[in-house]
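One file, run20.cif, carrying mmCIF, C-alpha atoms:
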```
data_my_file
loop_
_atom_site.label_atom_id
_atom_site.label_comp_id
_atom_site.auth_asym_id
_atom_site.auth_seq_id
_atom_site.Cartn_x
_atom_site.Cartn_y
_atom_site.Cartn_z
CA MET K 1 5.99 0.30 330.30
CA ALA K 2 5.49 3.86 329.07
CA GLU K 3 4.27 4.17 325.52
CA ARG K 4 5.77 7.20 323.87
CA GLY K 5 3.59 9.55 321.92
CA ALA K 6 0.62 7.40 321.07
CA ARG K 7 -2.16 9.20 319.21
CA LEU K 8 -5.34 9.22 321.27
CA LEU K 9 -8.86 10.44 320.66
CA VAL K 10 -11.08 11.71 323.46
CA ALA K 11 -14.81 11.70 322.73
CA ASP K 12 -16.91 13.57 325.29
CA ASP K 13 -19.67 16.14 324.87
CA ASN K 14 -18.88 17.79 328.20
CA LYS K 15 -16.23 20.45 327.76
CA VAL K 16 -14.77 20.24 331.27
CA ASN K 17 -14.37 16.47 330.99
CA ARG K 18 -12.91 16.73 327.52
CA LEU K 19 -10.31 19.36 328.49
CA LEU K 20 -9.32 17.53 331.66
CA LEU K 21 -8.91 14.13 330.00
CA ALA K 22 -6.94 15.65 327.13
CA ARG K 23 -4.72 17.44 329.64
CA SER K 24 -4.05 14.30 331.72
CA LEU K 25 -3.17 12.30 328.62
CA ALA K 26 -0.98 15.06 327.17
CA LEU K 27 0.93 15.17 330.47
CA GLN K 28 1.54 11.44 330.03
CA GLY K 29 3.28 12.22 326.75
CA HIS K 30 0.51 11.35 324.33
CA GLN K 31 -0.76 13.27 321.36
CA VAL K 32 -4.43 13.98 322.00
CA GLU K 33 -7.30 15.10 319.81
CA SER K 34 -10.90 15.44 320.84
CA ALA K 35 -14.41 15.12 319.49
CA GLU K 36 -17.61 16.43 321.04
CA ASN K 37 -19.92 13.66 319.95
CA GLY K 38 -19.87 10.09 318.65
CA ARG K 39 -20.48 10.97 315.04
CA ILE K 40 -17.49 13.31 314.87
CA ALA K 41 -15.35 10.77 316.76
CA LEU K 42 -16.21 8.04 314.26
CA GLU K 43 -15.37 10.32 311.32
CA MET K 44 -12.00 11.13 312.87
CA LEU K 45 -11.26 7.46 313.58
CA ARG K 46 -12.09 6.55 309.98
CA GLY K 47 -9.54 9.17 308.95
CA GLY K 48 -7.01 6.75 310.46
CA GLY K 49 -3.90 6.91 312.60
CA PHE K 50 -5.38 6.67 316.09
CA ASP K 51 -4.06 4.14 318.62
CA LEU K 52 -6.79 4.37 321.26
CA LEU K 53 -10.22 5.86 321.87
CA LEU K 54 -11.43 7.22 325.21
CA LEU K 55 -15.17 7.19 324.94
CA ASP K 56 -17.92 8.86 326.93
CA MET K 57 -21.29 7.10 326.82
CA GLU K 58 -23.85 9.90 327.01
CA MET K 59 -23.41 12.14 324.00
CA PRO K 60 -25.80 13.87 321.60
CA GLU K 61 -26.13 12.85 317.93
CA MET K 62 -24.43 9.49 318.44
CA ASN K 63 -23.87 8.04 321.90
CA GLY K 64 -21.06 5.77 323.08
CA PHE K 65 -23.04 2.55 322.71
CA GLN K 66 -23.71 3.37 319.07
CA VAL K 67 -20.04 4.18 318.53
CA LEU K 68 -19.04 0.77 319.96
CA GLU K 69 -21.52 -0.95 317.65
CA GLN K 70 -20.19 0.91 314.63
CA LEU K 71 -16.59 0.08 315.52
CA ALA K 72 -17.37 -3.62 315.87
CA ALA K 73 -18.99 -3.63 312.43
CA ASP K 74 -16.05 -1.88 310.77
CA ALA K 75 -13.26 -4.17 309.53
CA GLN K 76 -10.71 -1.35 309.75
CA LEU K 77 -11.66 -0.26 313.26
CA ARG K 78 -12.70 -3.55 314.85
CA ASP K 79 -9.41 -3.82 316.78
CA MET K 80 -9.31 -0.20 317.95
CA PRO K 81 -8.81 -0.31 321.74
CA VAL K 82 -11.55 1.57 323.58
CA ILE K 83 -11.59 2.73 327.18
CA VAL K 84 -15.01 3.90 328.30
CA THR K 85 -15.02 6.86 330.67
CA SER K 86 -18.44 7.43 332.14
CA SER K 87 -20.26 8.28 335.31
CA LEU K 88 -23.27 6.21 334.35
CA GLU K 89 -24.29 4.26 337.39
CA GLY K 90 -25.00 0.57 337.58
CA VAL K 91 -23.10 -2.57 336.64
CA ALA K 92 -25.45 -3.18 333.70
CA HIS K 93 -23.88 -0.29 331.77
CA VAL K 94 -20.37 -1.59 332.42
CA VAL K 95 -21.35 -5.07 331.27
CA ARG K 96 -22.99 -3.71 328.13
CA CYS K 97 -19.87 -1.71 327.24
CA ILE K 98 -17.62 -4.73 327.68
CA GLU K 99 -20.01 -6.90 325.66
CA LEU K 100 -19.90 -4.34 322.88
CA GLY K 101 -16.11 -4.70 322.80
CA ALA K 102 -14.76 -1.97 325.11
CA ASP K 103 -11.45 -2.94 326.74
CA ASP K 104 -12.00 -1.14 329.99
CA PHE K 105 -14.36 1.06 331.96
CA LEU K 106 -13.26 4.01 334.08
CA HIS K 107 -15.67 5.89 336.31
CA LYS K 108 -15.65 9.67 336.23
CA PRO K 109 -14.09 11.67 337.71
CA VAL K 110 -11.21 9.66 336.30
CA ASN K 111 -8.31 8.98 338.64
CA PRO K 112 -5.11 9.97 336.79
CA VAL K 113 -3.06 7.03 338.12
CA LEU K 114 -5.69 4.50 337.03
CA LEU K 115 -6.03 6.31 333.72
CA LYS K 116 -2.32 5.97 333.05
CA ALA K 117 -2.30 2.29 333.99
CA ARG K 118 -5.29 1.46 331.78
CA VAL K 119 -4.07 3.48 328.82
CA ASP K 120 -0.58 1.97 329.00
CA SER K 121 -1.99 -1.53 329.31
CA SER K 122 -4.41 -1.05 326.39
CA LEU K 123 -1.65 0.35 324.19
CA GLU K 124 0.61 -2.54 325.17
CA LYS K 125 -2.10 -5.04 324.29
CA LYS K 126 -2.60 -3.31 320.95
CA ARG K 127 1.12 -3.45 320.28
CA LEU K 128 1.20 -7.18 321.02
CA ARG K 129 -1.88 -7.75 318.90
CA ASP K 130 -0.28 -5.90 316.00
CA GLN K 131 2.86 -7.95 316.53
CA GLN K 132 0.90 -11.21 316.46
CA LYS K 133 -0.94 -10.08 313.37
CA ALA K 134 2.41 -9.41 311.68
CA LEU K 135 3.67 -12.81 312.84
CA VAL K 136 0.60 -14.54 311.50
CA GLU K 137 1.17 -12.85 308.17
CA ARG K 138 4.80 -13.89 308.18
CA PHE K 139 4.46 -17.52 309.25
CA ALA K 140 1.03 -18.72 308.35
CA THR K 141 -0.03 -20.03 304.99
CA SER K 142 -2.06 -17.44 303.16
CA ALA K 143 -5.18 -19.51 303.80
CA VAL K 144 -4.75 -19.41 307.58
CA ALA K 145 -3.86 -15.74 307.54
CA ALA K 146 -6.92 -14.93 305.51
CA ASP K 147 -9.06 -17.01 307.85
CA LEU K 148 -7.70 -15.12 310.86
CA GLN K 149 -7.87 -11.67 309.36
CA GLN K 150 -11.24 -11.97 307.78
CA GLY K 151 -12.42 -11.76 311.33
CA GLY K 152 -15.88 -12.91 310.34
CA PHE K 153 -15.25 -15.45 313.10
CA THR K 154 -16.55 -18.49 311.38
CA LEU K 155 -17.54 -20.30 314.51
CA GLY K 156 -17.10 -24.02 314.44
CA GLY K 157 -13.73 -25.68 314.67
CA LYS K 158 -11.57 -28.43 313.38
CA ARG K 159 -9.63 -31.30 314.93
CA VAL K 160 -5.92 -30.65 315.13
CA GLN K 161 -2.90 -32.20 316.82
CA ALA K 162 -1.59 -29.46 319.09
CA THR K 163 0.37 -28.74 322.23
CA VAL K 164 -1.27 -26.64 324.93
CA MET K 165 0.56 -24.56 327.55
CA PHE K 166 -0.65 -22.94 330.76
CA CYS K 167 1.54 -20.57 332.74
CA ASP K 168 1.08 -18.40 335.81
CA ILE K 169 3.00 -16.51 338.46
CA ARG K 170 3.43 -18.22 341.83
CA GLY K 171 2.16 -16.31 344.85
CA PHE K 172 0.91 -13.45 342.72
CA THR K 173 -1.76 -12.38 345.21
CA ALA K 174 0.90 -11.76 347.85
CA ILE K 175 2.90 -9.69 345.36
CA VAL K 176 -0.17 -7.61 344.49
CA GLU K 177 -0.87 -6.95 348.16
CA SER K 178 2.72 -5.87 348.81
CA GLN K 179 2.83 -3.11 346.19
CA GLY K 180 0.82 -0.30 344.62
CA PRO K 181 -1.62 -0.81 341.72
CA GLU K 182 0.60 1.07 339.29
CA GLU K 183 3.54 -1.19 340.04
CA THR K 184 1.38 -4.28 339.64
CA ILE K 185 0.15 -3.22 336.22
CA GLU K 186 3.68 -2.41 335.15
CA LEU K 187 4.91 -5.78 336.39
CA LEU K 188 2.12 -7.56 334.50
CA ASN K 189 2.94 -5.65 331.34
CA THR K 190 6.61 -6.60 331.58
CA TYR K 191 5.73 -10.20 332.36
CA TYR K 192 3.32 -10.49 329.43
CA THR K 193 5.78 -8.86 327.04
CA LEU K 194 8.49 -11.36 327.98
CA MET K 195 6.17 -14.38 327.85
CA PHE K 196 4.64 -13.34 324.53
CA GLU K 197 8.08 -12.93 323.06
CA ALA K 198 9.18 -16.42 324.11
CA ILE K 199 5.95 -18.03 322.92
CA THR K 200 5.58 -16.27 319.58
CA ALA K 201 9.28 -16.79 318.80
CA GLN K 202 8.55 -20.55 318.84
CA GLY K 203 5.42 -20.19 316.70
CA GLY K 204 2.93 -20.42 319.56
CA VAL K 205 -0.15 -18.24 319.95
CA VAL K 206 -1.27 -16.78 323.27
CA ASN K 207 -5.01 -17.03 323.22
CA GLN K 208 -6.01 -16.24 326.78
CA MET K 209 -4.79 -13.96 329.54
CA ILE K 210 -6.51 -13.93 332.89
CA GLY K 211 -4.85 -11.89 335.61
CA ASP K 212 -1.35 -13.36 335.83
CA GLY K 213 -2.24 -16.54 333.94
CA LEU K 214 -2.02 -17.28 330.27
CA MET K 215 -2.84 -20.08 327.85
CA ALA K 216 -0.96 -20.67 324.62
CA ILE K 217 -1.45 -23.08 321.72
CA PHE K 218 1.31 -24.54 319.55
CA GLY K 219 0.29 -26.06 316.20
CA ALA K 220 -2.91 -24.09 315.68
CA PRO K 221 -3.86 -21.75 314.11
CA LEU K 222 -0.23 -21.34 313.06
CA PRO K 223 1.35 -24.48 311.66
CA VAL K 224 4.41 -25.49 313.70
CA ALA K 225 6.79 -28.26 312.61
CA GLU K 226 6.97 -29.94 316.04
CA PRO K 227 4.48 -28.41 318.49
CA PRO K 228 5.69 -30.35 321.60
CA LEU K 229 9.34 -29.41 321.02
CA ALA K 230 8.41 -25.77 320.28
CA ALA K 231 6.32 -25.54 323.45
CA VAL K 232 9.06 -26.96 325.69
CA ARG K 233 11.66 -24.68 324.12
CA ALA K 234 9.35 -21.71 324.69
CA ALA K 235 8.89 -22.80 328.32
CA LEU K 236 12.66 -22.95 328.85
CA ASP K 237 13.01 -19.48 327.32
CA MET K 238 10.23 -18.21 329.59
CA ILE K 239 12.00 -19.50 332.70
CA GLU K 240 15.24 -17.93 331.49
CA MET K 241 13.54 -14.58 330.88
CA ILE K 242 12.03 -14.64 334.36
CA GLU K 243 15.50 -15.31 335.76
CA LEU K 244 16.79 -12.23 333.90
CA LEU K 245 13.89 -10.18 335.21
CA ASN K 246 14.59 -11.45 338.73
CA ALA K 247 18.21 -10.38 338.54
CA GLU K 248 16.92 -6.82 337.95
CA ARG K 249 14.24 -7.08 340.63
CA VAL K 250 16.65 -8.32 343.28
CA VAL K 251 18.95 -5.35 342.61
CA GLN K 252 15.91 -3.08 343.14
CA GLY K 253 15.15 -4.84 346.43
CA LYS K 254 12.01 -6.50 345.07
CA ALA K 255 10.85 -10.07 345.55
CA ALA K 256 11.87 -12.58 342.86
CA LEU K 257 9.11 -14.05 340.71
CA ALA K 258 8.53 -17.73 340.07
CA ILE K 259 6.35 -19.14 337.31
CA GLY K 260 4.78 -22.54 336.82
CA ILE K 261 4.22 -24.01 333.34
CA GLY K 262 2.15 -27.04 332.37
CA ILE K 263 2.34 -28.56 328.86
CA ALA K 264 0.26 -31.33 327.27
CA THR K 265 -0.10 -32.69 323.75
CA GLY K 266 -3.00 -34.33 321.96
CA GLU K 267 -5.86 -33.93 319.58
CA VAL K 268 -7.94 -30.86 320.30
CA ILE K 269 -10.83 -29.07 318.67
CA ALA K 270 -9.66 -25.62 317.74
CA GLY K 271 -11.63 -22.69 316.44
CA TYR K 272 -13.21 -19.39 317.28
CA THR K 273 -15.60 -19.22 320.19
CA GLY K 274 -17.54 -16.32 321.53
CA THR K 275 -19.99 -13.86 320.06
CA GLN K 276 -19.84 -11.75 316.94
CA SER K 277 -18.39 -8.76 318.76
CA ARG K 278 -15.90 -10.61 320.92
CA ALA K 279 -14.36 -13.90 319.95
CA THR K 280 -11.13 -15.69 320.70
CA TYR K 281 -9.29 -18.54 319.11
CA THR K 282 -9.35 -21.36 321.58
CA CYS K 283 -9.17 -25.10 321.79
CA ILE K 284 -11.01 -27.72 323.71
CA GLY K 285 -9.89 -31.21 324.52
CA ASP K 286 -8.21 -33.49 326.99
CA ALA K 287 -4.80 -31.87 326.42
CA VAL K 288 -6.21 -28.55 327.62
CA ASN K 289 -7.39 -30.07 330.90
CA VAL K 290 -4.16 -31.96 331.42
CA ALA K 291 -2.02 -28.88 330.74
CA ALA K 292 -4.04 -26.86 333.25
CA ARG K 293 -3.75 -29.63 335.88
CA LEU K 294 0.00 -29.94 335.27
CA GLU K 295 0.43 -26.21 335.70
CA ALA K 296 -1.39 -26.38 339.05
CA HIS K 297 0.69 -29.42 339.99
CA THR K 298 3.98 -27.48 339.60
CA LYS K 299 3.26 -26.06 343.08
CA VAL K 300 3.04 -29.56 344.57
CA ALA K 301 5.97 -30.99 342.60
CA ARG K 302 8.03 -27.81 343.19
CA ARG K 303 9.21 -27.88 339.59
CA GLY K 304 8.96 -25.05 337.04
CA ILE K 305 7.92 -27.03 333.97
CA LEU K 306 5.79 -30.18 333.90
CA VAL K 307 4.82 -32.08 330.74
CA ASP K 308 2.66 -35.12 329.96
CA ALA K 309 3.78 -38.40 328.35
CA PRO K 310 2.85 -37.56 324.72
CA THR K 311 4.92 -34.36 324.95
CA GLN K 312 7.84 -36.20 326.57
CA GLN K 313 7.78 -38.92 323.88
CA ALA K 314 7.75 -36.35 321.08
CA LEU K 315 10.90 -34.75 322.50
CA SER K 316 12.64 -38.08 321.76
CA HIS K 317 15.50 -37.33 324.15
CA ARG K 318 16.49 -34.05 322.54
CA ILE K 319 15.64 -32.38 325.85
CA THR K 320 16.23 -34.34 329.04
CA VAL K 321 13.35 -34.76 331.45
CA ASP K 322 12.88 -36.32 334.90
CA ALA K 323 10.10 -38.90 335.25
CA LEU K 324 8.05 -38.06 338.36
CA GLY K 325 5.71 -41.06 338.10
CA ALA K 326 1.93 -41.17 337.72
CA VAL K 327 -0.35 -38.64 339.39
CA MET K 328 -4.14 -38.72 339.78
CA PHE K 329 -5.73 -35.44 338.69
CA LYS K 330 -9.18 -34.19 339.51
CA GLY K 331 -11.62 -34.95 336.70
CA LYS K 332 -9.40 -37.63 335.17
CA ALA K 333 -10.31 -41.30 335.35
CA GLN K 334 -6.74 -42.47 334.78
CA ALA K 335 -3.48 -41.39 336.35
CA VAL K 336 -1.26 -39.15 334.20
CA ASP K 337 2.45 -39.80 333.82
CA VAL K 338 4.22 -36.59 334.79
CA PHE K 339 7.65 -35.45 333.62
CA ALA K 340 9.61 -32.43 334.80
CA VAL K 341 11.84 -30.43 332.45
CA PRO K 342 14.84 -29.07 334.37
CA ALA K 343 15.75 -25.48 333.54
CA ALA K 344 18.94 -25.15 331.49
CA ALA K 345 21.94 -24.97 333.78
CA MET U 1 -17.85 27.09 353.72
CA PRO U 2 -16.12 24.03 355.10
CA ASP U 3 -18.15 21.43 353.23
CA THR U 4 -18.55 23.23 349.92
CA ILE U 5 -15.34 21.97 348.31
CA ASP U 6 -13.43 18.87 349.32
CA ARG U 7 -9.94 20.34 349.56
CA ALA U 8 -8.21 16.99 349.17
CA ILE U 9 -9.90 16.35 345.82
CA PHE U 10 -9.24 19.89 344.63
CA SER U 11 -5.54 19.86 345.48
CA GLU U 12 -5.17 16.39 343.96
CA LEU U 13 -6.61 17.85 340.76
CA GLN U 14 -4.13 20.73 340.96
CA ASP U 15 -1.25 18.33 341.53
CA SER U 16 -2.11 16.06 338.64
CA ALA U 17 -3.26 18.62 336.05
CA GLY U 18 -1.33 21.73 337.14
CA ALA U 19 -2.69 24.70 339.12
CA ASP U 20 -2.78 27.06 336.13
CA PHE U 21 -4.68 24.56 334.08
CA VAL U 22 -7.20 24.10 336.90
CA VAL U 23 -7.87 27.85 336.90
CA GLU U 24 -8.73 27.60 333.20
CA LEU U 25 -10.83 24.51 333.80
CA VAL U 26 -12.80 26.22 336.58
CA GLY U 27 -13.40 29.09 334.13
CA THR U 28 -14.83 26.62 331.63
CA PHE U 29 -17.04 25.15 334.35
CA PHE U 30 -18.37 28.67 335.13
CA GLU U 31 -19.26 29.05 331.44
CA GLU U 32 -20.93 25.64 331.16
CA ALA U 33 -22.68 25.08 334.49
CA PRO U 34 -25.23 27.96 334.24
CA GLN U 35 -26.24 26.50 330.87
CA MET U 36 -26.77 23.09 332.49
CA ILE U 37 -28.94 24.62 335.21
CA ALA U 38 -30.88 26.52 332.54
CA ASP U 39 -31.27 23.19 330.72
CA LEU U 40 -32.74 21.66 333.87
CA ARG U 41 -35.34 24.43 334.03
CA SER U 42 -36.30 24.25 330.37
CA ALA U 43 -36.37 20.44 330.42
CA LEU U 44 -38.70 20.57 333.42
CA ALA U 45 -40.92 23.12 331.65
CA ALA U 46 -41.03 20.89 328.58
CA ALA U 47 -41.52 17.75 330.73
CA ASP U 48 -38.51 16.24 328.96
CA ALA U 49 -37.28 13.69 331.52
CA GLU U 50 -34.35 12.47 329.43
CA ARG U 51 -32.95 15.95 328.84
CA PHE U 52 -33.45 16.71 332.53
CA ARG U 53 -31.55 13.58 333.57
CA ARG U 54 -28.67 14.31 331.19
CA ALA U 55 -28.23 17.89 332.35
CA ALA U 56 -28.17 16.72 335.99
CA HIS U 57 -25.73 13.95 335.02
CA SER U 58 -23.28 16.42 333.41
CA LEU U 59 -23.46 18.77 336.36
CA LYS U 60 -22.84 15.87 338.77
CA THR U 61 -19.72 14.72 336.94
CA ASN U 62 -18.22 18.23 336.73
CA ALA U 63 -19.03 19.08 340.34
CA ASN U 64 -17.32 15.90 341.53
CA THR U 65 -14.27 16.67 339.37
CA PHE U 66 -13.62 19.83 341.39
CA GLY U 67 -14.49 18.28 344.74
CA ALA U 68 -17.82 20.12 344.98
CA THR U 69 -19.22 17.00 346.52
CA SER U 70 -22.43 18.34 348.03
CA LEU U 71 -23.32 19.98 344.71
CA GLY U 72 -22.48 16.67 343.03
CA ALA U 73 -24.66 14.76 345.49
CA MET U 74 -27.64 17.03 344.91
CA ALA U 75 -27.20 16.85 341.11
CA ARG U 76 -27.09 13.08 341.46
CA GLN U 77 -30.44 13.12 343.32
CA LEU U 78 -31.94 15.06 340.43
CA GLU U 79 -30.33 12.69 337.91
CA LEU U 80 -31.75 9.57 339.53
CA GLY U 81 -35.02 11.04 340.82
CA GLY U 82 -36.91 11.44 337.56
CA LEU U 83 -38.76 14.58 336.51
CA PRO U 84 -39.67 16.48 339.72
CA ALA U 85 -43.08 17.99 340.47
CA ASP U 86 -41.74 21.52 340.77
CA ALA U 87 -38.57 23.62 340.46
CA SER U 88 -37.74 23.68 344.19
CA GLY U 89 -34.93 21.12 343.71
CA ILE U 90 -33.41 23.23 340.93
CA ASP U 91 -33.62 26.35 343.11
CA ALA U 92 -31.78 24.57 345.91
CA LEU U 93 -29.20 23.33 343.41
CA GLN U 94 -28.74 26.89 342.11
CA LEU U 95 -28.00 28.09 345.66
CA LEU U 96 -25.47 25.32 346.19
CA TYR U 97 -23.87 26.07 342.84
CA ASP U 98 -23.50 29.77 343.75
CA THR U 99 -21.78 28.86 347.02
CA ALA U 100 -19.53 26.29 345.34
CA ALA U 101 -18.64 28.72 342.56
CA ALA U 102 -17.65 31.38 345.10
CA ALA U 103 -15.51 28.86 346.97
CA LEU U 104 -13.85 27.66 343.76
CA LYS U 105 -13.10 31.26 342.76
CA GLU U 106 -11.50 31.75 346.16
CA LEU U 107 -9.42 28.56 345.85
CA CYS U 108 -8.19 29.56 342.40
CA ARG U 109 -7.03 32.90 343.72
CA GLY U 110 -5.24 31.20 346.64
#
```

Target format structure tokens, applied to this file:
Amino acid sequence: MAERGARLLVADDNKVNRLLLARSLALQGHQVESAENGRIALEMLRGGGFDLLLLDMEMPEMNGFQVLEQLAADAQLRDMPVIVTSSLEGVAHVVRCIELGADDFLHKPVNPVLLKARVDSSLEKKRLRDQQKALVERFATSAVAADLQQGGFTLGGKRVQATVMFCDIRGFTAIVESQGPEETIELLNTYYTLMFEAITAQGGVVNQMIGDGLMAIFGAPLPVAEPPLAAVRAALDMIEMIELLNAERVVQGKAALAIGIGIATGEVIAGYTGTQSRATYTCIGDAVNVAARLEAHTKVARRGILVDAPTQQALSHRITVDALGAVMFKGKAQAVDVFAVPAAA
Amino acid sequence: MPDTIDRAIFSELQDSAGADFVVELVGTFFEEAPQMIADLRSALAAADAERFRRAAHSLKTNANTFGATSLGAMARQLELGGLPADASGIDALQLLYDTAAAALKELCRG
């Protein structure tokens, strides 16, 4: 998914590195400016209008670590995506950068294909984040919006009735092995864009993405009239979008994708977890475990969408489901009644 | 000078950034690298280990960008080796740089 003309800032004290990075990014269609140390970079960022920062670590006056710290402490710049480009050796440096809030770490000399993939993916994530922020502002009560935007991450949660969804791509490892890294990143970007659209359109919030898997919550932090119904409708839309994507892929001679979705409803504890510099909205509770188990069980049941009994009851026959009987899941003392939601014909 | 410049890395750089641009970039490297080597010498004289490490680090990164892998490897040794007892490592690095620079000049003309 090529982003057109994003405005990027390259911060590097080494002239050769700076020129080369700026050139690579300009060739990818971006508008690039550069800074020769962290202090200048920060001043330029505070001037506004940048979409992404490519940051070297070792710089005079203010180094990359200090820039990351300053960004995290700045309410305006906290969400600025940062890709670290460095030839510092050792995993410890990489870990420290990520802990300080960097999105990604590229070793120098930077491979142009990887650079493109990481930049596109960071810009896409930023676009989705901006979209979610706009959605939060549109749908949430002003109190919730303020709570989310304040970003002070008041740790500690509250009990809410919510519906939890897990989704992933079947046989994704095989797909990854059958194609190049660039194609994989592009596929993931397309997949996430489609899934986000279906979920946010029903008032859900995607709060975790790991590889090809995602977790979404309906009912918190955004209020949703009927979380179970919204989640199942989102799931049906997701399946439909994958079908549309598959129609394109088959024409291009590519393998069709299949996704599995697990949905469960119940009382969960929701709130921000993490550290000051990196926190996510998440929820903890039985429904989370059940949703994850149901998602895994879609492989066994060979059905696209599985839901638990509380979700099925809340649908009150507005969407037909097939009862699959009770299943014992790992970590659960009691069997769970499983229902499959057939995709719309 | 078969091992001076890794041709595959150099032509990949030309392909991705454009041959004309690479000529300019090599020119920039020729302006900057002597300063980095001078930095190594003055940092050693001043017993400034951090400045020494950073100069070696910069040189390593730039050398590897152009496929001057043996120059990059020697700069890396200096980067990770701490402040050396004498300038013999810098002298050897200077020799390697001169060879690599000549080879790069040649490649840019080709």

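Using only C-alpha atoms, the shortest contact distance between chain K and any of U:Leu40, U:Leu59, U:Ala75, U:Ala45 is found at U:Leu59.
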
Using the chain letters and numbers from this file, what does the PyMOL selection byres ((chain K) within 8 of (chain U)) select? Give the answer as a PyMOL selection string. chain K and resi 14-17+19-20+23-24+27+58+87+108-109+112

Convert the output of the PyMOL selection byres ((chain U and resi 109) around 12) on the shown file into explicit residues, formatted as a PyMOL selection string. chain U and resi 19-20+22-24+26+102-108+110

Given the file shown, enumerate the residues that the PyMOL selection byres ((chain U and resi 81-85) around 8) captures and present them as a VMD selection string. chain U and resid 44 47 to 49 52 to 53 77 to 80 86 to 87 89

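Interatomic distance, CA of Ala38 in chain U to CA of Leu55 in chain K: 26.0 Å.
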
Expressed in Å, the length from CA of Met238 in chain K to CA of Phe196 in chain K is 9.0 Å

With distances taken over all atoms listed in the file, which of K:Ala22, K:Leu71, K:Ala270, K:Ile175 is nearest to Val160 in chain K? K:Ala270

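Here CA of Asn111 in chain K stands at a distance of 21.0 Å from CA of Lys125 in chain K.
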
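Taking only C-alpha atoms, the non-local environment of Pro60 in chain K within 8 Å (same-chain residues fewer than 3 positions away omitted) comprises K:Asp13, K:Asn37, K:Gly38, K:Asn63.
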
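The shell of residues at most 9 Å from His297 in chain K, with only C-alpha atoms counted and near chain neighbours (fewer than 5 positions) removed, consists of K:Gly260, K:Gly262, K:Ala292, K:Arg302, K:Arg303, K:Leu306, K:Phe329.
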
Using only C-alpha atoms, collect all residues at a distance of at most 9 Å from (-21.7, 19.9, 348.5) as written in the file, then present them as a PyMOL selection string. chain U and resi 3-6+63+67-74+96-97+100

Around (7.7, -35.0, 333.1), as given in the file, which residues come within 6 Å? Count all atoms listed in the file and list them as a PDB file with C-alpha atoms, in the frame of the given file.
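Listed below is the output, point17.pdb:
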```
ATOM      1  CA  LEU K 306       5.790 -30.180 333.900  1.00  0.00           C
ATOM      2  CA  VAL K 307       4.820 -32.080 330.740  1.00  0.00           C
ATOM      3  CA  ASP K 308       2.660 -35.120 329.960  1.00  0.00           C
ATOM      4  CA  VAL K 321      13.350 -34.760 331.450  1.00  0.00           C
ATOM      5  CA  ASP K 322      12.880 -36.320 334.900  1.00  0.00           C
ATOM      6  CA  ALA K 323      10.100 -38.900 335.250  1.00  0.00           C
ATOM      7  CA  VAL K 338       4.220 -36.590 334.790  1.00  0.00           C
ATOM      8  CA  PHE K 339       7.650 -35.450 333.620  1.00  0.00           C
ATOM      9  CA  ALA K 340       9.610 -32.430 334.800  1.00  0.00           C
TER      10      ALA K 340
END
```
